[in-house]
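Chemist: What follows is input_33.txt; its format and atoms are compact mmCIF, C-alpha atoms.
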```txt
# COMPACT_ATOMS: atom_id res chain seq x y z
CA MET A 19 24.77 1.35 27.07
CA GLY A 20 28.14 -0.25 26.39
CA ARG A 21 30.24 2.90 26.81
CA PRO A 22 32.84 2.69 29.59
CA GLY A 23 31.87 4.35 32.77
CA GLU A 24 28.22 3.98 32.06
CA PHE A 25 26.02 1.50 33.86
CA LEU A 26 22.91 -0.20 32.82
CA GLU A 27 20.46 0.56 35.55
CA LEU A 28 17.70 -1.88 36.32
CA HIS A 29 14.67 -0.25 37.77
CA VAL A 30 13.53 -2.39 40.63
CA THR A 31 9.98 -1.74 41.61
CA GLU A 32 8.41 -2.39 44.96
CA ALA A 33 6.57 -5.32 43.39
CA ASP A 34 9.87 -6.85 42.26
CA ARG A 35 11.28 -6.74 45.77
CA ARG A 36 8.08 -8.18 47.16
CA ILE A 37 8.09 -11.03 44.64
CA ALA A 38 11.73 -11.77 45.45
CA ARG A 39 10.99 -11.88 49.17
CA TYR A 40 8.01 -14.18 48.78
CA ALA A 41 9.85 -16.38 46.29
CA ALA A 42 12.73 -16.74 48.75
CA ALA A 43 10.31 -17.91 51.43
CA ALA A 44 8.69 -20.36 49.00
CA ILE A 45 12.09 -21.71 47.90
CA ALA A 46 13.16 -22.21 51.52
CA LEU A 47 9.97 -24.18 52.19
CA SER A 48 10.36 -26.42 49.16
CA VAL A 49 14.01 -27.14 49.98
CA ALA A 50 13.10 -27.95 53.59
CA GLU A 51 10.28 -30.15 52.37
CA ALA A 52 12.63 -32.11 50.10
CA ALA A 53 14.26 -33.46 53.26
CA LEU A 54 11.01 -35.07 54.40
CA PRO A 55 10.61 -38.76 53.54
CA SER A 56 7.71 -39.51 51.23
CA PRO A 57 5.71 -42.74 51.12
CA LEU A 58 5.31 -42.51 47.36
CA PRO A 59 7.25 -40.46 44.82
CA GLY A 60 5.14 -37.42 44.05
CA ILE A 61 3.30 -37.17 47.34
CA LYS A 62 4.50 -34.05 49.13
CA PRO A 63 2.82 -31.49 51.37
CA GLY A 64 3.63 -28.66 48.96
CA LEU A 65 4.24 -26.14 51.73
CA ALA A 66 5.57 -23.57 49.26
CA ASN A 67 2.02 -23.24 47.98
CA ILE A 68 1.06 -21.56 51.25
CA VAL A 69 3.22 -18.66 50.13
CA VAL A 70 1.64 -18.69 46.67
CA LEU A 71 -1.84 -18.59 48.22
CA ILE A 72 -0.92 -15.64 50.43
CA VAL A 73 0.54 -13.71 47.48
CA LEU A 74 -2.55 -14.53 45.45
CA ALA A 75 -4.86 -13.15 48.13
CA ARG A 76 -2.80 -10.02 48.80
CA HIS A 77 -1.31 -9.06 45.46
CA GLY A 78 -3.19 -10.91 42.76
CA TRP A 79 -2.62 -13.71 40.30
CA ARG A 80 0.25 -12.15 38.33
CA GLU A 81 2.54 -11.92 41.33
CA ALA A 82 1.46 -15.34 42.58
CA ALA A 83 2.46 -16.78 39.20
CA TRP A 84 5.88 -15.12 39.44
CA VAL A 85 6.45 -16.52 42.92
CA SER A 86 5.28 -19.99 41.95
CA LEU A 87 7.44 -20.22 38.81
CA LEU A 88 10.51 -18.69 40.46
CA ARG A 89 10.07 -21.23 43.21
CA VAL A 90 10.01 -24.11 40.72
CA VAL A 91 13.09 -22.93 38.80
CA ALA A 92 15.23 -21.82 41.74
CA GLY A 93 14.13 -24.69 43.95
CA SER A 94 15.11 -27.24 41.30
CA LEU A 95 18.48 -25.50 40.83
CA LEU A 96 19.17 -25.75 44.54
CA LEU A 97 18.15 -29.41 44.68
CA GLY A 98 20.07 -30.34 41.54
CA GLN A 99 16.86 -31.23 39.75
CA PHE A 100 16.91 -28.57 37.05
CA LEU A 101 15.76 -30.05 33.70
CA ALA A 102 15.47 -33.49 35.32
CA PRO A 103 12.08 -35.25 35.13
CA GLY A 104 11.22 -33.96 38.59
CA PHE A 105 11.62 -30.40 37.35
CA PHE A 106 9.19 -30.86 34.50
CA LEU A 107 6.70 -32.56 36.79
CA ALA A 108 6.94 -29.66 39.22
CA LEU A 109 6.62 -27.14 36.40
CA THR A 110 3.58 -28.89 34.97
CA GLY A 111 2.00 -29.03 38.40
CA ALA A 112 2.69 -25.34 39.00
CA LEU A 113 1.28 -24.31 35.61
CA ALA A 114 -1.83 -26.43 36.05
CA SER A 115 -2.51 -25.07 39.52
CA LEU A 116 -1.90 -21.49 38.38
CA ALA A 117 -4.43 -22.01 35.60
CA VAL A 118 -6.99 -23.19 38.13
CA LEU A 119 -6.12 -20.37 40.55
CA ALA A 120 -6.75 -17.86 37.75
CA LEU A 121 -10.33 -19.15 37.73
CA ALA A 122 -10.57 -19.61 41.50
CA VAL A 123 -9.84 -15.93 42.23
CA ARG A 124 -13.04 -15.10 40.37
CA LEU A 125 -15.12 -17.05 42.88
CA PRO A 126 -17.07 -14.76 45.22
CA ALA A 127 -14.81 -14.06 48.20
CA ARG A 128 -17.76 -14.04 50.57
CA TRP A 129 -18.31 -17.73 49.99
CA PHE A 130 -14.96 -19.11 48.97
CA GLY A 131 -11.73 -18.57 50.89
CA PRO A 132 -8.12 -19.74 50.63
CA VAL A 133 -9.11 -23.31 51.47
CA SER A 134 -11.17 -23.62 48.27
CA ALA A 135 -8.35 -22.14 46.21
CA SER A 136 -5.85 -24.46 47.90
CA VAL A 137 -7.87 -27.65 47.41
CA LEU A 138 -8.70 -26.86 43.78
CA ALA A 139 -5.08 -25.94 43.03
CA ALA A 140 -3.83 -29.10 44.74
CA PHE A 141 -6.06 -31.26 42.54
CA ALA A 142 -4.92 -29.39 39.43
CA HIS A 143 -1.32 -29.83 40.54
CA SER A 144 -1.62 -33.60 40.95
CA GLY A 145 -3.77 -33.96 37.86
CA GLY A 146 -1.30 -32.08 35.67
CA GLN A 147 1.59 -34.15 36.98
CA LEU A 148 -0.25 -37.40 36.49
CA LEU A 149 -1.10 -36.44 32.93
CA LEU A 150 2.52 -35.56 32.13
CA ALA A 151 3.70 -38.78 33.77
CA ARG A 152 1.25 -40.77 31.63
CA LEU A 153 2.21 -38.99 28.40
CA TRP A 154 5.95 -38.94 28.93
CA LEU A 155 7.41 -41.02 31.75
CA VAL A 156 5.15 -44.06 32.10
CA PRO A 157 3.30 -44.57 28.81
CA HIS A 158 0.81 -46.98 30.32
CA ASP A 159 -2.62 -46.45 31.84
CA GLY A 160 -1.34 -48.19 34.97
CA VAL A 161 -0.19 -44.83 36.38
CA PHE A 162 -3.83 -43.87 36.78
CA LEU A 163 -4.07 -46.55 39.47
CA LEU A 164 -2.14 -44.07 41.60
CA ALA A 165 -4.77 -41.39 41.03
CA PRO A 166 -6.83 -42.17 44.17
CA LEU A 167 -3.73 -41.89 46.35
CA PHE A 168 -2.65 -38.65 44.72
CA GLY A 169 -6.20 -37.36 45.03
CA LEU A 170 -6.30 -38.20 48.72
CA ALA A 171 -2.95 -36.48 49.29
CA ALA A 172 -4.10 -33.44 47.32
CA LEU A 173 -7.26 -33.24 49.40
CA VAL A 174 -5.50 -33.53 52.76
CA PHE A 175 -2.58 -31.24 51.99
CA GLY A 176 -4.83 -28.84 50.09
CA ILE A 177 -7.00 -28.39 53.18
CA VAL A 178 -4.03 -28.07 55.53
CA ASN A 179 -2.15 -25.57 53.34
CA GLY A 180 -5.34 -23.60 52.76
CA LEU A 181 -6.03 -23.40 56.49
CA VAL A 182 -2.48 -22.25 57.21
CA ALA A 183 -2.70 -19.61 54.48
CA ALA A 184 -6.12 -18.44 55.75
CA ARG A 185 -4.78 -18.19 59.26
CA LEU A 186 -1.71 -16.20 58.24
CA LEU A 187 -3.84 -13.88 56.10
CA LYS A 188 -6.18 -13.28 59.01
CA GLU A 189 -3.40 -12.52 61.44
CA GLU A 190 -1.91 -9.92 59.15
CA SER A 191 -5.08 -8.01 58.49
CA MET B 12 -8.88 -18.69 66.91
CA PRO B 13 -10.70 -21.91 65.96
CA TRP B 14 -9.65 -23.39 62.65
CA ARG B 15 -13.24 -23.87 61.66
CA ALA B 16 -13.75 -20.10 61.56
CA LEU B 17 -11.31 -19.99 58.65
CA LEU B 18 -13.62 -22.01 56.42
CA ARG B 19 -16.27 -20.14 54.49
CA PRO B 20 -19.49 -21.86 53.39
CA GLY B 21 -18.23 -22.50 49.85
CA ASP B 22 -15.07 -24.02 51.25
CA TRP B 23 -17.13 -26.70 52.96
CA VAL B 24 -18.83 -27.48 49.66
CA VAL B 25 -15.50 -27.71 47.84
CA VAL B 26 -14.01 -29.95 50.55
CA LEU B 27 -17.04 -32.25 50.69
CA VAL B 28 -17.38 -32.60 46.91
CA SER B 29 -13.63 -33.26 46.63
CA ALA B 30 -13.78 -35.86 49.38
CA LEU B 31 -16.66 -37.62 47.62
CA CYS B 32 -14.76 -37.66 44.32
CA VAL B 33 -11.64 -39.05 45.98
CA GLY B 34 -13.71 -41.63 47.85
CA ALA B 35 -15.42 -42.71 44.65
CA SER B 36 -12.14 -42.95 42.76
CA PHE B 37 -10.85 -45.79 44.95
CA PRO B 38 -13.45 -48.44 44.03
CA LEU B 39 -13.67 -47.11 40.47
CA LEU B 40 -9.98 -47.47 39.72
CA TRP B 41 -9.07 -50.33 42.01
CA ARG B 42 -11.84 -52.78 41.23
CA GLY B 43 -9.49 -54.68 38.93
CA GLY B 44 -12.23 -56.22 36.81
CA ARG B 45 -14.89 -58.74 37.81
CA ALA B 46 -15.16 -62.28 36.61
CA GLU B 47 -17.98 -62.40 34.12
CA ARG B 48 -17.83 -65.74 32.29
CA ALA B 49 -16.99 -69.34 33.07
CA VAL B 50 -15.13 -71.15 30.32
CA VAL B 51 -15.05 -74.94 30.25
CA ARG B 52 -12.41 -76.73 28.22
CA ALA B 53 -12.04 -80.42 27.41
CA GLU B 54 -8.95 -81.72 25.61
CA GLY B 55 -7.88 -78.08 25.34
CA ARG B 56 -10.92 -77.00 23.32
CA VAL B 57 -13.61 -74.73 24.66
CA VAL B 58 -16.74 -76.84 25.04
CA ALA B 59 -18.95 -74.39 26.91
CA GLU B 60 -19.08 -70.80 28.08
CA PHE B 61 -21.56 -69.48 30.64
CA PRO B 62 -22.17 -66.00 31.99
CA LEU B 63 -21.79 -65.90 35.77
CA THR B 64 -25.32 -64.66 36.24
CA ALA B 65 -27.66 -67.63 36.59
CA PRO B 66 -26.98 -70.88 38.46
CA ARG B 67 -26.58 -74.00 36.36
CA ARG B 68 -24.78 -77.32 36.14
CA PHE B 69 -22.92 -78.70 33.21
CA ALA B 70 -21.35 -82.11 32.67
CA VAL B 71 -18.34 -82.73 30.42
CA ARG B 72 -17.15 -86.11 29.25
CA GLY B 73 -13.47 -86.88 29.47
CA PRO B 74 -11.36 -90.05 29.15
CA LEU B 75 -12.12 -91.05 32.78
CA GLY B 76 -15.78 -90.09 32.91
CA GLU B 77 -17.92 -87.10 33.68
CA THR B 78 -16.71 -83.86 35.25
CA VAL B 79 -19.55 -81.70 36.60
CA ILE B 80 -19.19 -77.92 36.61
CA GLU B 81 -21.42 -75.76 38.78
CA VAL B 82 -22.00 -72.11 37.97
CA ALA B 83 -23.54 -69.66 40.44
CA PRO B 84 -23.92 -65.88 40.32
CA GLY B 85 -20.41 -64.43 40.40
CA ARG B 86 -18.57 -67.75 40.84
CA ALA B 87 -18.06 -71.26 39.51
CA ARG B 88 -16.53 -74.53 40.68
CA VAL B 89 -15.87 -78.10 39.73
CA LEU B 90 -18.56 -80.01 41.59
CA SER B 91 -17.26 -83.50 40.91
CA ASP B 92 -14.56 -85.17 38.90
CA PRO B 93 -13.52 -88.77 38.37
CA GLY B 94 -9.83 -87.93 38.84
CA PRO B 95 -7.92 -89.78 41.59
CA ARG B 96 -6.67 -86.79 43.59
CA GLN B 97 -9.60 -84.35 43.32
CA TYR B 98 -7.40 -81.26 43.24
CA CYS B 99 -9.75 -79.29 41.01
CA VAL B 100 -12.75 -80.14 43.22
CA GLN B 101 -10.95 -79.13 46.39
CA GLN B 102 -10.06 -75.77 44.90
CA GLY B 103 -13.65 -74.80 45.60
CA TRP B 104 -15.35 -71.73 44.22
CA LEU B 105 -13.46 -69.63 41.72
CA THR B 106 -14.31 -65.93 41.96
CA HIS B 107 -11.44 -63.92 40.47
CA PRO B 108 -10.97 -63.29 36.77
CA ASN B 109 -8.47 -65.67 35.17
CA ALA B 110 -8.69 -68.10 38.06
CA ILE B 111 -8.52 -71.66 36.79
CA ALA B 112 -9.20 -75.16 38.10
CA ILE B 113 -7.58 -77.93 36.10
CA CYS B 114 -8.75 -81.52 36.28
CA ALA B 115 -5.71 -82.91 34.53
CA PRO B 116 -6.52 -86.64 34.61
CA ASN B 117 -9.83 -86.05 32.90
CA HIS B 118 -8.43 -83.38 30.55
CA VAL B 119 -10.97 -80.79 31.69
CA SER B 120 -10.43 -77.25 32.90
CA LEU B 121 -12.67 -74.51 34.24
CA SER B 122 -11.56 -70.89 34.08
CA LEU B 123 -13.16 -67.52 34.68
CA SER B 124 -12.74 -64.62 32.30
CA ALA B 125 -13.30 -60.91 32.78
CA GLY B 126 -15.13 -58.59 30.42
CA ASN B 127 -11.89 -56.88 29.52
CA ALA B 128 -9.07 -59.33 29.96
CA SER B 129 -6.05 -57.48 31.31
CA HIS B 130 -3.80 -60.51 31.01
CA ASP B 131 -3.99 -64.02 29.60
CA SER B 132 -3.12 -66.01 32.69
CA LEU B 133 -1.41 -65.86 36.05
CA ASN B 134 1.12 -68.50 37.04
CA TYR B 135 2.79 -69.01 40.37
```
Could you express the structure from this file as structure tokens?

Modeler:
Amino acid sequence: MGRPGEFLELHVTEADRRIARYAAAAIALSVAEAALPSPLPGIKPGLANIVVLIVLARHGWREAAWVSLLRVVAGSLLLGQFLAPGFFLALTGALASLAVLALAVRLPARWFGPVSASVLAAFAHSGGQLLLARLWLVPHDGVFLLAPLFGLAALVFGIVNGLVAARLLKEES
Amino acid sequence: MPWRALLRPGDWVVVLVSALCVGASFPLLWRGGRAERAVVRAEGRVVAEFPLTAPRRFAVRGPLGETVIEVAPGRARVLSDPGPRQYCVQQGWLTHPNAIAICAPNHVSLSLSAGNASHDSLNY
């Protein structure tokens, strides 16, 4: 290392390539989604989570976490949101939903499919963001008045994303 | 392939329980407080306070005569007032917290208060 003519070689595993591919798909979805108008700041379909759910089902939680966090960092860089409040909200949401997904993968697969994981993760996502918003951005309990709307959005988009992920998983296998 | 085939039994449970929680959160968080007490003031001082649970009538003396307040479950009104223009009587039943009927000529006011007052008054 450091001597001229010598290269530092990074060993890229198959998992690394896979994570990069999935993350690219997730980033594309979140950039595309940023173009959609939203009725209320914070209410988004969260299409990139479809990719996270698929990775979770196929390759486990560790790779899903990589994809999710790469998506948050790279997506915010592309949208010019890096280190802006929106970035921290997205990061908090991603971490909260990953924490819930770590538990959700332990549910018996016979009874619980991607839709359960998606709905639970969506609630964790909104809940984490709401909590950060209360602690940091809007230090007033008034933000909790938005909770029913966020909950409704999480429910609807959680079901839709979960169904899409379930469908894609079924088609592949 | 029907979409319903993608849902496993536990998924239905998760979706239904979530929907119930979301449904319940609307009235819980958006109720905005209920009026719980009627407060009667004469010359700016509180002369009587009633819970909005049982019906009753209450008369207050002012410079012009007697103003009669009527309280009913969940609401209250000024039943009669000796004032010339009767604005506070025509306001009818007050139901919202911090609503107020002012009988200015007779120096009497009736207001409702909530259990946890979120603000002191509303002015338009």

Chemist: May I have the residues within 10 Å of Ile68 in chain A as a tab-separated table (two decimals) with C-alpha atoms, in the frame of the given file, using only C-alpha atoms and disregarding those fewer than 6 positions away in the same chain?

Modeler:
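Final output, around31.tsv:
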```tsv
chain	number	residue	atom	x	y	z
A	43	ALA	CA	10.31	-17.91	51.43
A	44	ALA	CA	8.69	-20.36	49.00
A	47	LEU	CA	9.97	-24.18	52.19
A	74	LEU	CA	-2.55	-14.53	45.45
A	132	PRO	CA	-8.12	-19.74	50.63
A	136	SER	CA	-5.85	-24.46	47.90
A	176	GLY	CA	-4.83	-28.84	50.09
A	178	VAL	CA	-4.03	-28.07	55.53
A	179	ASN	CA	-2.15	-25.57	53.34
A	180	GLY	CA	-5.34	-23.60	52.76
A	181	LEU	CA	-6.03	-23.40	56.49
A	182	VAL	CA	-2.48	-22.25	57.21
A	183	ALA	CA	-2.70	-19.61	54.48
A	184	ALA	CA	-6.12	-18.44	55.75
A	186	LEU	CA	-1.71	-16.20	58.24
```

Chemist: Could you tell me which of B:Pro62, B:Pro20, B:Pro84, B:Gly55 comes closest to Asn117 in chain B if we count all atoms listed in the file?

Modeler: B:Gly55

Chemist: I want to know what sits within 12 Å of Arg124 in chain A, based on all atoms listed in the file, with residues of the same chain fewer than 6 positions away left out; could you give that as a list in words?

Modeler: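 Selected residues are Leu74, Ala75, Gly78, Trp79, Val118, Phe130, Gly131, Ser134 and Ala135 of chain A.
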
Chemist: Take the residues just selected and output them with C-alpha atoms as a PDB file, keeping the file's coordinate frame.

Modeler:
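File produced: part21.pdb:
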```pdb
ATOM      1  CA  LEU A  74      -2.550 -14.530  45.450  1.00  0.00           C
ATOM      2  CA  ALA A  75      -4.860 -13.150  48.130  1.00  0.00           C
ATOM      3  CA  GLY A  78      -3.190 -10.910  42.760  1.00  0.00           C
ATOM      4  CA  TRP A  79      -2.620 -13.710  40.300  1.00  0.00           C
ATOM      5  CA  VAL A 118      -6.990 -23.190  38.130  1.00  0.00           C
ATOM      6  CA  PHE A 130     -14.960 -19.110  48.970  1.00  0.00           C
ATOM      7  CA  GLY A 131     -11.730 -18.570  50.890  1.00  0.00           C
ATOM      8  CA  SER A 134     -11.170 -23.620  48.270  1.00  0.00           C
ATOM      9  CA  ALA A 135      -8.350 -22.140  46.210  1.00  0.00           C
TER      10      ALA A 135
END
```

Chemist: Using only C-alpha atoms, find each residue of chain A with at least one atom at most 12 Å away from an atom of chain B; report its shortest atom-to-atom pair and that distance in Å (one decimal), sort the rows by chain and rising residue number, and return the result as JSON lines.

Modeler:
```
{"residue": "A:Ala122", "atom": "CA", "partner": "B:Val25", "partner_atom": "CA", "distance": 11.4}
{"residue": "A:Leu125", "atom": "CA", "partner": "B:Gly21", "partner_atom": "CA", "distance": 9.4}
{"residue": "A:Pro126", "atom": "CA", "partner": "B:Gly21", "partner_atom": "CA", "distance": 9.1}
{"residue": "A:Ala127", "atom": "CA", "partner": "B:Arg19", "partner_atom": "CA", "distance": 8.9}
{"residue": "A:Arg128", "atom": "CA", "partner": "B:Arg19", "partner_atom": "CA", "distance": 7.4}
{"residue": "A:Trp129", "atom": "CA", "partner": "B:Gly21", "partner_atom": "CA", "distance": 4.8}
{"residue": "A:Phe130", "atom": "CA", "partner": "B:Gly21", "partner_atom": "CA", "distance": 4.8}
{"residue": "A:Gly131", "atom": "CA", "partner": "B:Arg19", "partner_atom": "CA", "distance": 6.0}
{"residue": "A:Pro132", "atom": "CA", "partner": "B:Asp22", "partner_atom": "CA", "distance": 8.2}
{"residue": "A:Val133", "atom": "CA", "partner": "B:Asp22", "partner_atom": "CA", "distance": 6.0}
{"residue": "A:Ser134", "atom": "CA", "partner": "B:Asp22", "partner_atom": "CA", "distance": 4.9}
{"residue": "A:Ala135", "atom": "CA", "partner": "B:Asp22", "partner_atom": "CA", "distance": 8.6}
{"residue": "A:Ser136", "atom": "CA", "partner": "B:Asp22", "partner_atom": "CA", "distance": 9.8}
{"residue": "A:Val137", "atom": "CA", "partner": "B:Val26", "partner_atom": "CA", "distance": 7.3}
{"residue": "A:Leu138", "atom": "CA", "partner": "B:Val25", "partner_atom": "CA", "distance": 8.0}
{"residue": "A:Ala139", "atom": "CA", "partner": "B:Val25", "partner_atom": "CA", "distance": 11.6}
{"residue": "A:Ala140", "atom": "CA", "partner": "B:Ser29", "partner_atom": "CA", "distance": 10.8}
{"residue": "A:Phe141", "atom": "CA", "partner": "B:Ser29", "partner_atom": "CA", "distance": 8.8}
{"residue": "A:Ala142", "atom": "CA", "partner": "B:Ser29", "partner_atom": "CA", "distance": 11.9}
{"residue": "A:Asp159", "atom": "CA", "partner": "B:Leu40", "partner_atom": "CA", "distance": 10.8}
{"residue": "A:Gly160", "atom": "CA", "partner": "B:Leu40", "partner_atom": "CA", "distance": 9.9}
{"residue": "A:Val161", "atom": "CA", "partner": "B:Leu40", "partner_atom": "CA", "distance": 10.7}
{"residue": "A:Phe162", "atom": "CA", "partner": "B:Leu40", "partner_atom": "CA", "distance": 7.7}
{"residue": "A:Leu163", "atom": "CA", "partner": "B:Leu40", "partner_atom": "CA", "distance": 6.0}
{"residue": "A:Leu164", "atom": "CA", "partner": "B:Leu40", "partner_atom": "CA", "distance": 8.7}
{"residue": "A:Ala165", "atom": "CA", "partner": "B:Ser36", "partner_atom": "CA", "distance": 7.7}
{"residue": "A:Pro166", "atom": "CA", "partner": "B:Phe37", "partner_atom": "CA", "distance": 5.5}
{"residue": "A:Leu167", "atom": "CA", "partner": "B:Phe37", "partner_atom": "CA", "distance": 8.2}
{"residue": "A:Phe168", "atom": "CA", "partner": "B:Val33", "partner_atom": "CA", "distance": 9.1}
{"residue": "A:Gly169", "atom": "CA", "partner": "B:Val33", "partner_atom": "CA", "distance": 5.8}
{"residue": "A:Leu170", "atom": "CA", "partner": "B:Val33", "partner_atom": "CA", "distance": 6.1}
{"residue": "A:Ala171", "atom": "CA", "partner": "B:Val33", "partner_atom": "CA", "distance": 9.6}
{"residue": "A:Ala172", "atom": "CA", "partner": "B:Val33", "partner_atom": "CA", "distance": 9.5}
{"residue": "A:Leu173", "atom": "CA", "partner": "B:Ser29", "partner_atom": "CA", "distance": 6.9}
{"residue": "A:Val174", "atom": "CA", "partner": "B:Ala30", "partner_atom": "CA", "distance": 9.2}
{"residue": "A:Phe175", "atom": "CA", "partner": "B:Val26", "partner_atom": "CA", "distance": 11.6}
{"residue": "A:Gly176", "atom": "CA", "partner": "B:Val26", "partner_atom": "CA", "distance": 9.3}
{"residue": "A:Ile177", "atom": "CA", "partner": "B:Val26", "partner_atom": "CA", "distance": 7.6}
{"residue": "A:Val178", "atom": "CA", "partner": "B:Trp14", "partner_atom": "CA", "distance": 10.2}
{"residue": "A:Asn179", "atom": "CA", "partner": "B:Leu17", "partner_atom": "CA", "distance": 12.0}
{"residue": "A:Gly180", "atom": "CA", "partner": "B:Leu17", "partner_atom": "CA", "distance": 9.1}
{"residue": "A:Leu181", "atom": "CA", "partner": "B:Leu17", "partner_atom": "CA", "distance": 6.6}
{"residue": "A:Val182", "atom": "CA", "partner": "B:Trp14", "partner_atom": "CA", "distance": 9.1}
{"residue": "A:Ala183", "atom": "CA", "partner": "B:Leu17", "partner_atom": "CA", "distance": 9.6}
{"residue": "A:Ala184", "atom": "CA", "partner": "B:Leu17", "partner_atom": "CA", "distance": 6.1}
{"residue": "A:Arg185", "atom": "CA", "partner": "B:Leu17", "partner_atom": "CA", "distance": 6.8}
{"residue": "A:Leu186", "atom": "CA", "partner": "B:Leu17", "partner_atom": "CA", "distance": 10.3}
{"residue": "A:Leu187", "atom": "CA", "partner": "B:Leu17", "partner_atom": "CA", "distance": 10.0}
{"residue": "A:Lys188", "atom": "CA", "partner": "B:Leu17", "partner_atom": "CA", "distance": 8.5}
{"residue": "A:Glu189", "atom": "CA", "partner": "B:Met12", "partner_atom": "CA", "distance": 9.9}
```

Chemist: Between CA of Phe61 in chain B and CA of Ala49 in chain B, measure the distance and give it in Å to one decimal.

Modeler: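 Calculated distance between CA of Phe61 in chain B and CA of Ala49 in chain B is 5.2 Å.
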
Chemist: List the spatial neighbours of Leu101 in chain A as a ChimeraX atom specification - criterion: any atom at most 12 Å away, only C-alpha atoms, same-chain residues fewer than 6 positions off excluded.

Modeler: /A:90-95,107-109
